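Listing of query_27.cif, mmCIF, C-alpha atoms
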data_upload
loop_
_atom_site.label_atom_id
_atom_site.label_comp_id
_atom_site.auth_asym_id
_atom_site.auth_seq_id
_atom_site.Cartn_x
_atom_site.Cartn_y
_atom_site.Cartn_z
CA GLU A 7 159.18 119.17 144.60
CA GLU A 8 160.65 116.36 142.46
CA ILE A 9 158.04 113.92 143.76
CA LYS A 10 155.27 116.33 142.70
CA TYR A 11 156.79 116.84 139.24
CA GLN A 12 157.26 113.15 138.49
CA SER A 13 153.90 112.22 140.03
CA ALA A 14 152.16 114.74 137.76
CA GLU A 15 153.93 113.39 134.67
CA VAL A 16 153.13 109.76 135.49
CA THR A 17 149.52 110.67 136.31
CA GLN A 18 149.11 112.30 132.88
CA LYS A 19 150.54 109.21 131.18
CA LEU A 20 148.08 107.00 133.04
CA LEU A 21 145.08 109.20 132.23
CA CYS A 22 145.98 108.92 128.51
CA LEU A 23 146.45 105.14 128.61
CA PRO A 24 143.63 103.33 126.75
CA ALA A 25 143.51 100.62 129.43
CA TYR A 26 142.77 103.30 132.03
CA LYS A 27 140.24 105.12 129.85
CA ASP A 28 138.37 101.86 129.18
CA ALA A 29 138.49 100.59 132.78
CA LYS A 30 135.26 100.74 134.75
CA ARG A 31 136.57 98.99 137.89
CA ILE A 32 140.02 100.06 139.03
CA SER A 33 142.26 99.31 142.00
CA ILE A 34 144.35 102.26 143.18
CA PHE A 35 147.05 101.92 145.83
CA LEU A 36 147.06 104.77 148.32
CA SER A 37 150.60 106.05 148.03
CA MET A 38 153.23 106.31 150.71
CA ARG A 39 155.77 109.13 150.76
CA ASP A 40 158.30 107.20 148.63
CA GLU A 41 155.80 106.34 145.88
CA ILE A 42 154.18 108.19 142.98
CA ASP A 43 151.38 110.26 144.52
CA THR A 44 148.08 108.64 143.53
CA SER A 45 145.74 111.25 145.03
CA GLN A 46 145.00 112.95 141.66
CA ILE A 47 144.41 109.56 140.03
CA LEU A 48 141.95 108.68 142.77
CA GLN A 49 140.09 111.98 142.40
CA HIS A 50 139.98 111.68 138.60
CA SER A 51 138.74 108.10 138.75
CA LEU A 52 135.96 108.93 141.19
CA SER A 53 134.89 112.00 139.20
CA ALA A 54 134.86 109.86 136.03
CA SER A 55 132.41 107.48 137.77
CA LYS A 56 134.85 104.58 137.81
CA GLU A 57 134.33 102.08 140.61
CA CYS A 58 137.42 102.51 142.78
CA PHE A 59 138.89 99.86 145.03
CA ILE A 60 141.77 100.27 147.47
CA PRO A 61 144.02 97.76 149.22
CA HIS A 62 143.11 96.50 152.66
CA TYR A 63 146.18 94.73 154.02
CA PHE A 64 145.93 92.21 156.82
CA THR A 65 148.75 92.06 159.35
CA ASP A 66 148.09 88.48 160.43
CA GLY A 67 151.41 87.17 159.12
CA THR A 68 149.94 86.15 155.76
CA SER A 69 150.04 87.88 152.39
CA ASN A 70 146.29 88.46 152.50
CA MET A 71 144.99 91.61 150.93
CA LYS A 72 141.53 92.57 149.71
CA MET A 73 140.61 95.29 147.27
CA VAL A 74 137.69 97.07 148.88
CA GLN A 75 135.43 99.73 147.45
CA LEU A 76 135.99 103.40 148.13
CA ARG A 77 132.72 105.27 147.75
CA ASP A 78 133.90 108.86 147.25
CA VAL A 79 136.52 111.46 148.21
CA GLU A 80 134.89 112.03 151.61
CA ASP A 81 135.15 108.29 152.27
CA TYR A 82 138.89 108.51 151.49
CA HIS A 83 139.42 111.43 153.88
CA ALA A 84 137.60 109.56 156.66
CA LEU A 85 139.87 106.49 156.46
CA PRO A 86 142.14 105.85 159.44
CA THR A 87 145.93 105.80 158.98
CA THR A 88 147.87 102.58 159.64
CA SER A 89 151.23 102.14 161.35
CA TRP A 90 152.71 102.17 157.81
CA ASN A 91 151.32 105.70 157.50
CA ILE A 92 148.85 104.79 154.75
CA LYS A 93 145.10 105.13 154.81
CA GLN A 94 143.02 101.99 154.81
CA PRO A 95 139.71 100.85 156.27
CA SER A 96 139.77 99.37 159.76
CA ASP A 97 139.49 95.59 160.01
CA SER A 98 135.93 95.96 161.34
CA ASP A 99 134.83 98.14 158.40
CA GLU A 100 132.69 95.92 156.15
CA ARG A 101 133.19 96.90 152.50
CA THR A 102 132.51 95.42 149.10
CA GLU A 103 135.43 93.30 147.82
CA ALA A 104 136.19 93.59 144.10
CA LEU A 105 136.48 89.87 143.40
CA GLU A 106 133.07 89.20 144.95
CA THR A 107 131.31 91.74 142.73
CA GLY A 108 132.73 91.35 139.22
CA GLY A 109 136.49 91.69 139.56
CA LEU A 110 138.80 94.43 138.32
CA ASP A 111 139.65 95.82 134.89
CA LEU A 112 142.84 97.61 135.96
CA ILE A 113 145.19 97.33 138.95
CA LEU A 114 147.74 100.03 139.77
CA VAL A 115 150.72 98.30 141.34
CA PRO A 116 153.31 99.87 143.65
CA GLY A 117 156.90 98.68 144.01
CA LEU A 118 160.48 99.54 144.85
CA ALA A 119 162.01 98.87 141.43
CA PHE A 120 160.83 97.99 137.93
CA SER A 121 162.26 97.07 134.56
CA LYS A 122 160.82 98.55 131.37
CA HIS A 123 159.88 94.98 130.45
CA GLY A 124 157.49 94.61 133.40
CA HIS A 125 159.58 92.96 136.08
CA ARG A 126 158.80 94.27 139.56
CA CYS A 127 160.42 94.24 142.97
CA GLY A 128 157.79 94.81 145.65
CA ARG A 129 158.27 95.22 149.38
CA GLY A 130 158.77 91.50 149.89
CA ARG A 131 155.50 90.48 151.50
CA GLY A 132 153.84 89.12 148.34
CA TYR A 133 150.54 90.98 148.73
CA TYR A 134 150.14 91.92 145.06
CA ASP A 135 151.43 88.63 143.61
CA THR A 136 148.99 86.75 145.86
CA TYR A 137 146.11 89.04 144.90
CA LEU A 138 146.87 88.86 141.17
CA ARG A 139 146.80 85.05 141.43
CA LYS A 140 143.32 85.31 143.01
CA CYS A 141 142.20 87.59 140.17
CA ILE A 142 143.27 85.05 137.57
CA GLU A 143 141.46 82.28 139.43
CA ASN A 144 138.25 84.26 139.98
CA GLN A 145 137.81 86.49 136.94
CA ASP A 146 136.88 85.69 133.34
CA ARG A 147 139.78 87.79 132.10
CA GLU A 148 143.00 88.96 133.65
CA PRO A 149 143.09 92.58 134.83
CA VAL A 150 145.56 94.95 133.18
CA THR A 151 148.39 95.83 135.58
CA VAL A 152 150.10 99.22 135.57
CA ALA A 153 153.14 100.15 137.65
CA LEU A 154 153.65 103.81 138.56
CA ALA A 155 157.33 104.64 139.03
CA PHE A 156 159.81 107.42 139.54
CA LYS A 157 162.50 107.58 136.88
CA GLU A 158 165.04 106.47 139.49
CA GLN A 159 163.10 103.23 140.09
CA ILE A 160 163.60 101.99 136.51
CA LEU A 161 166.43 99.47 136.23
CA ASP A 162 167.77 97.43 133.32
CA HIS A 163 167.29 94.22 135.30
CA VAL A 164 165.08 93.39 138.28
CA PRO A 165 165.55 89.91 139.74
CA THR A 166 162.31 87.93 139.93
CA GLU A 167 161.14 84.53 141.08
CA PRO A 168 158.76 82.14 139.31
CA HIS A 169 155.76 83.28 141.40
CA ASP A 170 156.29 86.97 140.53
CA PHE A 171 153.81 88.49 138.09
CA MET A 172 154.87 90.56 135.11
CA ILE A 173 153.39 94.05 134.90
CA ASN A 174 151.62 94.97 131.63
CA HIS A 175 152.61 98.66 131.62
CA VAL A 176 155.37 100.45 133.54
CA LEU A 177 154.78 104.20 133.53
CA HIS A 178 157.55 106.52 134.68
CA ALA A 179 158.69 110.10 134.32
CA ASP A 180 161.05 110.68 131.40
CA HIS A 181 162.92 113.67 132.74
CA LEU A 182 164.01 115.00 136.09
CA ASN A 183 162.73 118.45 136.97
#
Here is a file; write its structure as structure tokens.
Amino acid sequence: EEIKYQSAEVTQKLLCLPAYKDAKRISIFLSMRDEIDTSQILQHSLSASKECFIPHYFTDGTSNMKMVQLRDVEDYHALPTTSWNIKQPSDSDERTEALETGGLDLILVPGLAFSKHGHRCGRGRGYYDTYLRKCIENQDREPVTVALAFKEQILDHVPTEPHDFMINHVLHADHLN
């Protein structure tokens, strides 16, 4: 119940954010149980005719991740579930990669902990930091990054390393239900 309440509040904050409203090409992480539920964001983005891209993680021991296009809600429902219990295309599924077709305007970033100042603690594999570096190298302008967090994930200080990227906006619920 609390996850639903906070997810709804954070979703509303995102939908009102000018960077989201202006974005035409957006990357949306497909949430796990311990993350803000992104299903309503995905549905809204698709219905608003935004080009939506989702993470495709590779389990080859590297931090390789692509952001591949999701065509519609039916496409989402047809995705297989990984051993991490998240939906993503199979490795043999050929899809359009965002950086090969114009880049991204906005990237929604998951994490375990965040500071209000934009510091982020991910899951330790470096997927998003590696991908953000590729965006900077391959796009004319840097995408806006937005973290979606539960109130309990906001800390005064989050330790970071020099290779960690700062998040532009950290959205979180203000009150517990």
Problem set entry | Spatial neighbours of stretch 83-85 of chain A, max dist 8 Å, all atoms listed in the file, sep filter under 6 positions, as JSON, numbers by chain | {"A": [93, 94, 95, 96]}
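A straight line drawn from atom CA of A:Lys30 to atom CA of A:Lys56 is 4.9 Å long.
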For this session: Give as an MDAnalysis selection string the residues that the PyMOL selection byres ((chain A and resi 109-123) around 6) matches when applied to the coordinates above.
Result: chainID A and resid 29 31:34 104:105 108 124:128 145 149:153 159:164
For this session: Select, from A:Ser51, A:Gln46, A:Ser98, A:Asn70, the residue with the minimum atom-to-atom distance to A:Lys140, counting only C-alpha atoms.
Result: A:Asn70
Problem set entry | Nearest-residue call for A:Asn91, choices A:Asp40, A:Asp146, A:Glu7, A:Glu15, using only C-alpha atoms | A:Asp40
For this session: Name the closest residue to A:Met172 among the candidates A:Ala54, A:Leu154, A:Ala14, A:Leu138; distances are taken between atoms, counting only C-alpha atoms.
Result: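 Distance minimum relative to A:Met172 lands on A:Leu138.
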Exercise. How many Å separate atom CA of A:Cys22 from atom CA of A:Tyr82?
Worked result: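 Straight-line distance from atom CA of A:Cys22 to atom CA of A:Tyr82 works out to 24.1 Å.
Residue nearest A:Lys157 within the list A:Asp170, A:Asp43, A:Asp81, A:Glu8: A:Glu8 [criterion: smallest interatomic distance, all atoms listed in the file].
Separating atom CA of A:Gln12 from atom CA of A:Phe156 is a distance of 6.4 Å.
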